file start.pdb (PDB, C-alpha atoms)
ATOM      1  CA  MET A  91       0.000   0.000   0.000
ATOM      2  CA  PRO A  92       2.121   2.910  -1.245
ATOM      3  CA  ASP A  93       0.053   5.564   0.473
ATOM      4  CA  SER A  94      -0.551   3.841   3.783
ATOM      5  CA  ALA A  95       0.885   5.335   6.905
ATOM      6  CA  PRO A  96       4.308   3.981   7.872
ATOM      7  CA  THR A  97       5.616   3.603  11.379
ATOM      8  CA  GLU A  98       8.055   5.707  13.255
ATOM      9  CA  PRO A  99      11.473   4.214  14.010
ATOM     10  CA  THR A 100      12.883   5.053  17.384
ATOM     11  CA  ALA A 101      15.851   7.336  17.858
ATOM     12  CA  VAL A 102      16.510   7.896  14.162
ATOM     13  CA  PRO A 103      17.452  11.457  13.319
ATOM     14  CA  ARG A 104      15.719  13.008  10.319
ATOM     15  CA  ALA A 105      13.640   9.891   9.688
ATOM     16  CA  GLU A 106      10.945  11.994   8.028
ATOM     17  CA  GLU A 107       8.395   9.288   8.681
ATOM     18  CA  PRO A 108       4.829  10.391   9.206
ATOM     19  CA  ALA A 109       3.316   9.149  12.444
ATOM     20  CA  GLY A 110       0.253   6.950  12.775
ATOM     21  CA  ALA A 111       0.728   3.357  11.674
ATOM     22  CA  ASP A 112      -1.999   1.234  10.102
ATOM     23  CA  PRO A 113      -1.462  -2.128  11.875
ATOM     24  CA  ALA A 114      -2.613  -4.181   8.855
ATOM     25  CA  ALA A 115      -0.336  -2.299   6.494
ATOM     26  CA  LEU A 116       2.511  -2.643   8.943
ATOM     27  CA  ALA A 117       1.956  -6.403   9.219
ATOM     28  CA  ALA A 118       1.922  -6.691   5.419
ATOM     29  CA  LEU A 119       5.128  -4.717   5.210
ATOM     30  CA  VAL A 120       6.839  -6.840   7.837
ATOM     31  CA  ALA A 121       5.803 -10.009   5.968
ATOM     32  CA  LEU A 122       7.015  -8.590   2.682
ATOM     33  CA  VAL A 123      10.417  -7.647   4.066
ATOM     34  CA  ALA A 124      10.672 -11.039   5.784
ATOM     35  CA  GLY A 125      10.159 -12.647   2.358
ATOM     36  CA  LEU A 126      13.390 -11.158   1.097
ATOM     37  CA  LYS A 127      16.475 -13.343   1.193
ATOM     38  CA  PHE A 128      19.109 -11.612   3.247
ATOM     39  CA  ASP A 129      22.653 -12.928   3.113
ATOM     40  CA  ALA A 130      24.700 -14.302   6.012
ATOM     41  CA  GLN A 131      25.324 -10.730   7.152
ATOM     42  CA  GLY A 132      21.598  -9.986   7.009
ATOM     43  CA  LEU A 133      21.932  -7.768   3.937
ATOM     44  CA  VAL A 134      20.616  -7.393   0.405
ATOM     45  CA  ALA A 135      22.350  -5.405  -2.316
ATOM     46  CA  ALA A 136      20.356  -2.418  -3.546
ATOM     47  CA  VAL A 137      21.049  -0.984  -6.986
ATOM     48  CA  ILE A 138      20.157   2.705  -7.048
ATOM     49  CA  GLN A 139      19.120   3.959 -10.478
ATOM     50  CA  ASP A 140      18.116   7.418 -11.646
ATOM     51  CA  HIS A 141      14.407   7.194 -12.486
ATOM     52  CA  ALA A 142      14.642   9.792 -15.250
ATOM     53  CA  ASP A 143      17.605   8.709 -17.382
ATOM     54  CA  ALA A 144      18.303   5.212 -15.973
ATOM     55  CA  THR A 145      21.874   5.954 -14.905
ATOM     56  CA  VAL A 146      23.092   3.422 -12.342
ATOM     57  CA  LEU A 147      24.137   5.758  -9.536
ATOM     58  CA  MET A 148      25.462   3.440  -6.830
ATOM     59  CA  VAL A 149      25.038   0.133  -5.043
ATOM     60  CA  GLY A 150      24.352   0.085  -1.326
ATOM     61  CA  TRP A 151      23.528  -2.521   1.281
ATOM     62  CA  MET A 152      20.303  -2.769   3.205
ATOM     63  CA  ASP A 153      19.300  -4.852   6.184
ATOM     64  CA  ALA A 154      15.617  -5.467   6.939
ATOM     65  CA  GLU A 155      15.317  -2.218   8.834
ATOM     66  CA  ALA A 156      16.904  -0.194   6.029
ATOM     67  CA  VAL A 157      14.517  -1.836   3.534
ATOM     68  CA  ARG A 158      11.565  -1.008   5.779
ATOM     69  CA  ARG A 159      12.662   2.611   6.125
ATOM     70  CA  THR A 160      13.288   2.904   2.376
ATOM     71  CA  LEU A 161       9.798   1.570   1.628
ATOM     72  CA  THR A 162       8.073   3.841   4.111
ATOM     73  CA  THR A 163       9.918   7.164   4.198
ATOM     74  CA  GLY A 164      10.320   8.076   0.532
ATOM     75  CA  ARG A 165      14.097   8.283   1.038
ATOM     76  CA  THR A 166      16.847   5.674   0.743
ATOM     77  CA  TRP A 167      18.383   4.104   3.823
ATOM     78  CA  PHE A 168      21.382   1.781   3.940
ATOM     79  CA  TRP A 169      23.456  -0.256   6.328
ATOM     80  CA  SER A 170      27.086   0.765   6.515
ATOM     81  CA  ARG A 171      29.200  -2.378   6.675
ATOM     82  CA  SER A 172      32.250  -0.415   7.799
ATOM     83  CA  ARG A 173      30.585   1.838  10.386
ATOM     84  CA  ARG A 174      27.975  -0.774  11.357
ATOM     85  CA  GLU A 175      25.131   1.677  11.431
ATOM     86  CA  HIS A 176      22.170   2.789   9.391
ATOM     87  CA  TRP A 177      22.579   5.839   7.245
ATOM     88  CA  GLN A 178      20.215   7.859   5.164
ATOM     89  CA  LYS A 179      21.543   8.970   1.812
ATOM     90  CA  GLY A 180      22.052  12.710   1.878
ATOM     91  CA  GLU A 181      21.982  12.912   5.672
ATOM     92  CA  THR A 182      25.374  14.602   5.746
ATOM     93  CA  SER A 183      25.965  15.492   2.072
ATOM     94  CA  GLY A 184      22.500  16.858   1.359
ATOM     95  CA  HIS A 185      22.581  14.789  -1.845
ATOM     96  CA  ARG A 186      19.346  12.956  -1.302
ATOM     97  CA  GLN A 187      17.586  10.130  -3.033
ATOM     98  CA  TYR A 188      13.805  10.338  -3.238
ATOM     99  CA  VAL A 189      12.263   6.934  -3.900
ATOM    100  CA  ARG A 190      10.173   6.461  -7.027
ATOM    101  CA  SER A 191       9.904   2.659  -7.108
ATOM    102  CA  VAL A 192      11.388  -0.450  -5.542
ATOM    103  CA  HIS A 193      11.618  -3.832  -7.250
ATOM    104  CA  ALA A 194      12.993  -7.156  -6.011
ATOM    105  CA  ASP A 195      14.685  -9.576  -8.351
ATOM    106  CA  CYS A 196      13.589 -13.141  -9.104
ATOM    107  CA  ASP A 197      15.671 -14.516  -6.222
ATOM    108  CA  ARG A 198      14.398 -11.783  -3.888
ATOM    109  CA  ASP A 199      17.944 -11.145  -2.729
ATOM    110  CA  THR A 200      18.609  -7.913  -4.610
ATOM    111  CA  LEU A 201      16.644  -4.679  -4.908
ATOM    112  CA  LEU A 202      16.409  -2.104  -7.667
ATOM    113  CA  VAL A 203      15.473   1.301  -6.295
ATOM    114  CA  ARG A 204      14.634   4.044  -8.779
ATOM    115  CA  VAL A 205      15.137   7.494  -7.327
ATOM    116  CA  GLU A 206      15.163  11.178  -7.953
ATOM    117  CA  GLN A 207      18.711  12.110  -7.009
ATOM    118  CA  THR A 208      19.618  15.613  -5.860
ATOM    119  CA  GLY A 209      23.293  16.445  -6.345
ATOM    120  CA  GLY A 210      25.898  13.781  -7.004
ATOM    121  CA  ALA A 211      25.243  10.258  -5.774
ATOM    122  CA  CYS A 212      28.953   9.588  -5.190
ATOM    123  CA  HIS A 213      30.857  10.813  -2.168
ATOM    124  CA  THR A 214      33.425  12.185  -4.635
ATOM    125  CA  GLY A 215      30.776  14.538  -5.983
ATOM    126  CA  ALA A 216      30.370  12.587  -9.210
ATOM    127  CA  ARG A 217      26.862  11.863 -10.384
ATOM    128  CA  SER A 218      27.477   8.083 -10.386
ATOM    129  CA  CYS A 219      29.888   6.019  -8.321
ATOM    130  CA  PHE A 220      30.829   4.014 -11.431
ATOM    131  CA  GLN A 221      33.553   6.235 -12.882
ATOM    132  CA  ALA A 222      36.491   3.817 -13.157
ATOM    133  CA  SER A 223      36.526   2.262 -16.601
ATOM    134  CA  LEU A 224      38.209  -1.145 -16.725
ATOM    135  CA  PRO A 225      39.809  -2.442 -19.919
ATOM    136  CA  ALA A 226      37.414  -5.013 -21.305
ATOM    137  CA  VAL A 227      37.388  -7.018 -24.500
ATOM    138  CA  GLN A 228      34.093  -6.233 -26.188
ATOM    139  CA  GLY A 229      31.917  -9.128 -27.247
ATOM    140  CA  SER A 230      29.450  -9.279 -30.101
ATOM    141  CA  PRO A 231      26.846 -11.818 -31.208
ATOM    142  CA  VAL A 232      28.184 -11.388 -34.737
ATOM    143  CA  ALA A 233      31.861 -11.780 -33.925
ATOM    144  CA  ALA A 234      31.074 -14.875 -31.838
ATOM    145  CA  VAL A 235      29.694 -16.727 -34.847
ATOM    146  CA  PRO A 236      32.196 -19.034 -36.526
ATOM    147  CA  ALA A 237      32.819 -18.080 -40.154
ATOM    148  CA  ALA A 238      31.104 -21.168 -41.518
ATOM    149  CA  VAL A 239      27.852 -20.524 -39.627
ATOM    150  CA  PRO A 240      25.562 -18.024 -41.358
ATOM    151  CA  SER A 241      23.062 -17.298 -38.555
ATOM    152  CA  GLY A 242      23.742 -15.231 -35.433
ATOM    153  CA  GLU A 243      21.949 -17.830 -33.327
ATOM    154  CA  ALA A 244      23.421 -20.947 -34.868
ATOM    155  CA  GLU A 245      26.766 -21.386 -33.194
ATOM    156  CA  ARG A 246      25.469 -23.941 -30.732
TER     157      ARG A 246
ATOM    158  CA  MET B   1      44.143  -2.912 -23.218
ATOM    159  CA  PRO B   2      40.758  -3.852 -24.628
ATOM    160  CA  ASP B   3      42.117  -5.584 -27.701
ATOM    161  CA  SER B   4      45.050  -7.425 -26.187
ATOM    162  CA  ALA B   5      45.044 -11.175 -26.235
ATOM    163  CA  PRO B   6      43.594 -12.775 -23.118
ATOM    164  CA  THR B   7      44.734 -15.987 -21.563
ATOM    165  CA  GLU B   8      43.136 -19.384 -21.696
ATOM    166  CA  PRO B   9      41.563 -20.742 -18.493
ATOM    167  CA  THR B  10      41.955 -24.435 -17.921
ATOM    168  CA  ALA B  11      39.085 -26.893 -18.148
ATOM    169  CA  VAL B  12      36.397 -24.297 -18.814
ATOM    170  CA  PRO B  13      33.824 -25.371 -21.382
ATOM    171  CA  ARG B  14      32.914 -22.831 -24.056
ATOM    172  CA  ALA B  15      35.359 -20.286 -22.686
ATOM    173  CA  GLU B  16      35.642 -18.676 -26.137
ATOM    174  CA  GLU B  17      38.958 -17.140 -25.204
ATOM    175  CA  PRO B  18      41.469 -16.643 -27.971
ATOM    176  CA  ALA B  19      44.847 -18.178 -27.300
ATOM    177  CA  GLY B  20      48.162 -16.313 -27.171
ATOM    178  CA  ALA B  21      48.656 -14.206 -24.041
ATOM    179  CA  ASP B  22      50.655 -10.986 -23.942
ATOM    180  CA  PRO B  23      52.584 -11.349 -20.643
ATOM    181  CA  ALA B  24      52.621  -7.592 -19.974
ATOM    182  CA  ALA B  25      48.894  -7.262 -20.615
ATOM    183  CA  LEU B  26      48.236 -10.279 -18.462
ATOM    184  CA  ALA B  27      50.302  -8.830 -15.611
ATOM    185  CA  ALA B  28      48.405  -5.547 -15.880
ATOM    186  CA  LEU B  29      45.120  -7.412 -15.810
ATOM    187  CA  VAL B  30      46.109  -9.425 -12.766
ATOM    188  CA  ALA B  31      47.143  -6.235 -10.951
ATOM    189  CA  LEU B  32      43.898  -4.529 -11.899
ATOM    190  CA  VAL B  33      41.738  -7.376 -10.653
ATOM    191  CA  ALA B  34      43.836  -7.602  -7.486
ATOM    192  CA  GLY B  35      43.024  -3.923  -6.884
ATOM    193  CA  LEU B  36      39.325  -4.711  -6.518
ATOM    194  CA  LYS B  37      37.962  -5.166  -3.029
ATOM    195  CA  PHE B  38      36.411  -8.601  -2.778
ATOM    196  CA  ASP B  39      34.222  -9.375   0.220
ATOM    197  CA  ALA B  40      34.812 -12.076   2.843
ATOM    198  CA  GLN B  41      33.542 -14.654   0.352
ATOM    199  CA  GLY B  42      35.935 -13.358  -2.297
ATOM    200  CA  LEU B  43      33.166 -11.781  -4.361
ATOM    201  CA  VAL B  44      32.090  -8.462  -5.835
ATOM    202  CA  ALA B  45      28.548  -7.645  -6.915
ATOM    203  CA  ALA B  46      28.190  -6.988 -10.635
ATOM    204  CA  VAL B  47      25.256  -4.957 -11.911
ATOM    205  CA  ILE B  48      24.423  -5.978 -15.458
ATOM    206  CA  GLN B  49      22.847  -3.199 -17.520
ATOM    207  CA  ASP B  50      21.596  -3.172 -21.110
ATOM    208  CA  HIS B  51      23.997  -0.918 -23.011
ATOM    209  CA  ALA B  52      21.303   0.294 -25.406
ATOM    210  CA  ASP B  53      18.363   1.296 -23.202
ATOM    211  CA  ALA B  54      19.981   1.218 -19.724
ATOM    212  CA  THR B  55      17.614  -1.378 -18.281
ATOM    213  CA  VAL B  56      19.111  -3.014 -15.191
ATOM    214  CA  LEU B  57      18.907  -6.666 -16.186
ATOM    215  CA  MET B  58      20.301  -8.541 -13.193
ATOM    216  CA  VAL B  59      22.896  -8.581 -10.445
ATOM    217  CA  GLY B  60      25.417 -11.390 -10.300
ATOM    218  CA  TRP B  61      28.450 -12.221  -8.224
ATOM    219  CA  MET B  62      31.998 -12.439  -9.507
ATOM    220  CA  ASP B  63      35.156 -13.738  -7.907
ATOM    221  CA  ALA B  64      38.555 -12.669  -9.260
ATOM    222  CA  GLU B  65      38.506 -15.399 -11.895
ATOM    223  CA  ALA B  66      35.012 -14.459 -13.105
ATOM    224  CA  VAL B  67      36.107 -10.805 -13.348
ATOM    225  CA  ARG B  68      39.180 -11.827 -15.339
ATOM    226  CA  ARG B  69      37.112 -13.927 -17.725
ATOM    227  CA  THR B  70      34.501 -11.186 -18.102
ATOM    228  CA  LEU B  71      37.226  -8.662 -18.968
ATOM    229  CA  THR B  72      38.939 -10.926 -21.472
ATOM    230  CA  THR B  73      36.287 -13.022 -23.234
ATOM    231  CA  GLY B  74      33.657 -10.476 -24.266
ATOM    232  CA  ARG B  75      31.052 -12.467 -22.334
ATOM    233  CA  THR B  76      29.891 -12.307 -18.720
ATOM    234  CA  TRP B  77      31.028 -14.873 -16.161
ATOM    235  CA  PHE B  78      29.783 -15.263 -12.615
ATOM    236  CA  TRP B  79      30.345 -17.267  -9.481
ATOM    237  CA  SER B  80      27.331 -19.267  -8.345
ATOM    238  CA  ARG B  81      27.090 -19.039  -4.572
ATOM    239  CA  SER B  82      24.638 -21.945  -4.423
ATOM    240  CA  ARG B  83      26.398 -24.307  -6.858
ATOM    241  CA  ARG B  84      29.878 -23.048  -5.941
ATOM    242  CA  GLU B  85      31.079 -22.935  -9.513
ATOM    243  CA  HIS B  86      31.736 -20.499 -12.306
ATOM    244  CA  TRP B  87      29.064 -20.071 -14.897
ATOM    245  CA  GLN B  88      28.915 -18.179 -18.130
ATOM    246  CA  LYS B  89      25.677 -16.313 -18.783
ATOM    247  CA  GLY B  90      23.840 -18.024 -21.631
ATOM    248  CA  GLU B  91      25.843 -21.237 -21.314
ATOM    249  CA  THR B  92      22.674 -23.301 -20.898
ATOM    250  CA  SER B  93      19.913 -20.810 -21.796
ATOM    251  CA  GLY B  94      21.541 -19.379 -24.902
ATOM    252  CA  HIS B  95      20.607 -15.937 -23.559
ATOM    253  CA  ARG B  96      24.032 -14.408 -23.699
ATOM    254  CA  GLN B  97      25.556 -11.176 -22.512
ATOM    255  CA  TYR B  98      28.166  -9.596 -24.742
ATOM    256  CA  VAL B  99      30.301  -7.130 -22.838
ATOM    257  CA  ARG B 100      30.370  -3.503 -23.980
ATOM    258  CA  SER B 101      32.028  -1.858 -20.970
ATOM    259  CA  VAL B 102      33.004  -2.548 -17.379
ATOM    260  CA  HIS B 103      33.249   0.096 -14.665
ATOM    261  CA  ALA B 104      34.211  -0.188 -10.993
ATOM    262  CA  ASP B 105      32.660   2.038  -8.371
ATOM    263  CA  CYS B 106      34.472   4.471  -6.088
ATOM    264  CA  ASP B 107      35.026   1.777  -3.453
ATOM    265  CA  ARG B 108      36.155  -0.718  -6.118
ATOM    266  CA  ASP B 109      33.886  -3.357  -4.575
ATOM    267  CA  THR B 110      31.092  -3.285  -7.149
ATOM    268  CA  LEU B 111      31.126  -3.511 -10.934
ATOM    269  CA  LEU B 112      28.780  -2.115 -13.567
ATOM    270  CA  VAL B 113      28.866  -4.214 -16.734
ATOM    271  CA  ARG B 114      27.069  -2.871 -19.788
ATOM    272  CA  VAL B 115      26.108  -5.610 -22.192
ATOM    273  CA  GLU B 116      24.275  -6.523 -25.340
ATOM    274  CA  GLN B 117      21.765  -9.083 -24.072
ATOM    275  CA  THR B 118      20.318 -11.754 -26.350
ATOM    276  CA  GLY B 119      16.989 -13.126 -25.134
ATOM    277  CA  GLY B 120      15.777 -12.595 -21.578
ATOM    278  CA  ALA B 121      18.329 -11.991 -18.854
ATOM    279  CA  CYS B 122      16.140 -13.669 -16.230
ATOM    280  CA  HIS B 123      15.874 -17.431 -15.835
ATOM    281  CA  THR B 124      12.089 -16.912 -15.897
ATOM    282  CA  GLY B 125      12.395 -15.653 -19.469
ATOM    283  CA  ALA B 126      11.732 -12.059 -18.487
ATOM    284  CA  ARG B 127      13.992  -9.405 -19.917
ATOM    285  CA  SER B 128      15.031  -8.187 -16.455
ATOM    286  CA  CYS B 129      15.172 -10.065 -13.159
ATOM    287  CA  PHE B 130      13.593  -7.072 -11.401
ATOM    288  CA  GLN B 131       9.902  -7.789 -11.963
ATOM    289  CA  ALA B 132       8.549  -7.820  -8.407
ATOM    290  CA  SER B 133       7.275  -4.359  -7.546
ATOM    291  CA  LEU B 134       7.321  -3.602  -3.822
ATOM    292  CA  PRO B 135       4.914  -1.094  -2.277
ATOM    293  CA  ALA B 136       6.953   2.022  -1.602
ATOM    294  CA  VAL B 137       6.037   5.455  -0.394
ATOM    295  CA  GLN B 138       7.281   7.850  -3.045
ATOM    296  CA  GLY B 139       9.473  10.722  -1.950
ATOM    297  CA  SER B 140       9.811  14.119  -3.514
ATOM    298  CA  PRO B 141      12.099  17.082  -2.879
ATOM    299  CA  VAL B 142       9.004  19.262  -2.900
ATOM    300  CA  ALA B 143       6.834  17.072  -0.682
ATOM    301  CA  ALA B 144       9.654  16.777   1.857
ATOM    302  CA  VAL B 145       9.506  20.488   2.594
ATOM    303  CA  PRO B 146       7.483  21.372   5.705
ATOM    304  CA  ALA B 147       4.489  23.548   4.873
ATOM    305  CA  ALA B 148       5.952  26.627   6.521
ATOM    306  CA  VAL B 149       9.178  26.492   4.490
ATOM    307  CA  PRO B 150       8.865  27.982   1.017
ATOM    308  CA  SER B 151      12.054  26.712  -0.660
ATOM    309  CA  GLY B 152      12.632  23.174  -1.922
ATOM    310  CA  GLU B 153      16.086  23.073  -0.354
ATOM    311  CA  ALA B 154      15.282  24.779   2.914
ATOM    312  CA  GLU B 155      14.108  21.999   5.179
ATOM    313  CA  ARG B 156      17.475  21.710   6.891
TER     314      ARG B 156
END
call {"tool": "encode", "arguments": {"input": "start.pdb", "output": "structure tokens"}}
result
Amino acid sequence: MPDSAPTEPTAVPRAEEPAGADPAALAALVALVAGLKFDAQGLVAAVIQDHADATVLMVGWMDAEAVRRTLTTGRTWFWSRSRREHWQKGETSGHRQYVRSVHADCDRDTLLVRVEQTGGACHTGARSCFQASLPAVQGSPVAAVPAAVPSGEAER
Amino acid sequence: MPDSAPTEPTAVPRAEEPAGADPAALAALVALVAGLKFDAQGLVAAVIQDHADATVLMVGWMDAEAVRRTLTTGRTWFWSRSRREHWQKGETSGHRQYVRSVHADCDRDTLLVRVEQTGGACHTGARSCFQASLPAVQGSPVAAVPAAVPSGEAER
């Protein structure tokens, strides 16, 4: 229920969560989050993508609580593996991510969060964290076809 | 060096790697892969994105060997955490991913691989693995402003 009232976390600065929980909606949310497959560290990877131009901005890690906050506050929340604490994107930088949609993958162990990003998503100030180009051999369906095989789908 | 000759892995079916390694290029590649930050399981997350329309197709996991193969064969390789083996995307499904570019993020612990995807990327046959929409409260820079504050950036 996208418009249902979320719950208030305790002792979270700038949570921006409206008060007044609907118990049924909360139960549904808890069940939904419990259906995700968290790894041994209790985390799922979350790919953050610009909703307007589809740029992949960053990848962060969310535990169940960060997923719950992301689904209910309209802002992205993550779990910092190094600092071992929750953090809200933009909390210190001001470069915030406003949630537009959240999808789980077929294994339910990864999320795709489309956002409206203000400022750069990367702590370096860059729009995307993926700035380091690695040297990669480019593949092609055409080049992969042996010379004697005429069709692009026929090599197997 | 995108066009340099990669090396041949041993006992890998359908590796499609040309023979004839350039020792200097190989050393550079080994150093580059060693510069990535693999997690406690020896893995990095790899976001796979369609190079043409920017759809996020899937997220897979790569160990150092899968990264090396992905950089040198023009096709994507992953490490299966459940089967504990390397697998090449499309090896059984025929739905292959031809590499167009590979980028590392600012922490060098996540990769973004842009590909030309043939067929559906998901094992369900869907184009993208991210089909399950989760109910999320949408955020907005405008909506986040308290009523008494006139500017969209003034809530802090």
call {"tool": "interface_residues", "arguments": {"input": "start.pdb", "of": "chain A", "to": "chain B", "cutoff": "6 Å", "atoms": "all atoms listed in the file", "output": "list in words"}}
result
Met91, Pro92, Ala144, Leu161, Thr162, Gly164, Tyr188, Val189, Arg190, Val192, His193, Ala194, Asp195, Cys196, Cys219, Phe220, Ala222, Ser223, Leu224, Pro225, Ala226, Val227, Gln228, Gly229 and Ser230 of chain A
call {"tool": "atom_distance", "arguments": {"input": "start.pdb", "atom1": "atom CA of B:Gln41", "atom2": "atom CA of A:Trp151"}}
result
15.8 Å
call {"tool": "atom_distance", "arguments": {"input": "start.pdb", "atom1": "atom CA of A:Phe128", "atom2": "atom CA of B:Gln88"}}
result
24.4 Å
call {"tool": "atom_distance", "arguments": {"input": "start.pdb", "atom1": "atom CA of A:Gly209", "atom2": "atom CA of A:Thr182"}}
result
12.4 Å
call {"tool": "closest_residue", "arguments": {"input": "start.pdb", "among": "A:Val232, A:Ala121, A:Ala154, A:Leu116", "to": "A:Val134", "atoms": "all atoms listed in the file"}}
result
A:Ala154
call {"tool": "closest_residue", "arguments": {"input": "start.pdb", "among": "B:Pro23, B:Gly90, B:Arg83, B:Ala34", "to": "B:Ala121", "atoms": "only C-alpha atoms"}}
result
B:Gly90
call {"tool": "axis_aligned_box", "arguments": {"input": "start.pdb", "around": "stretch 120-137 of chain A", "padding_each_side": "3 Å", "output": "JSON"}}
result
{"center_x": 15.6, "center_y": -7.6, "center_z": 0.4, "size_x": 25.5, "size_y": 19.3, "size_z": 20.8}
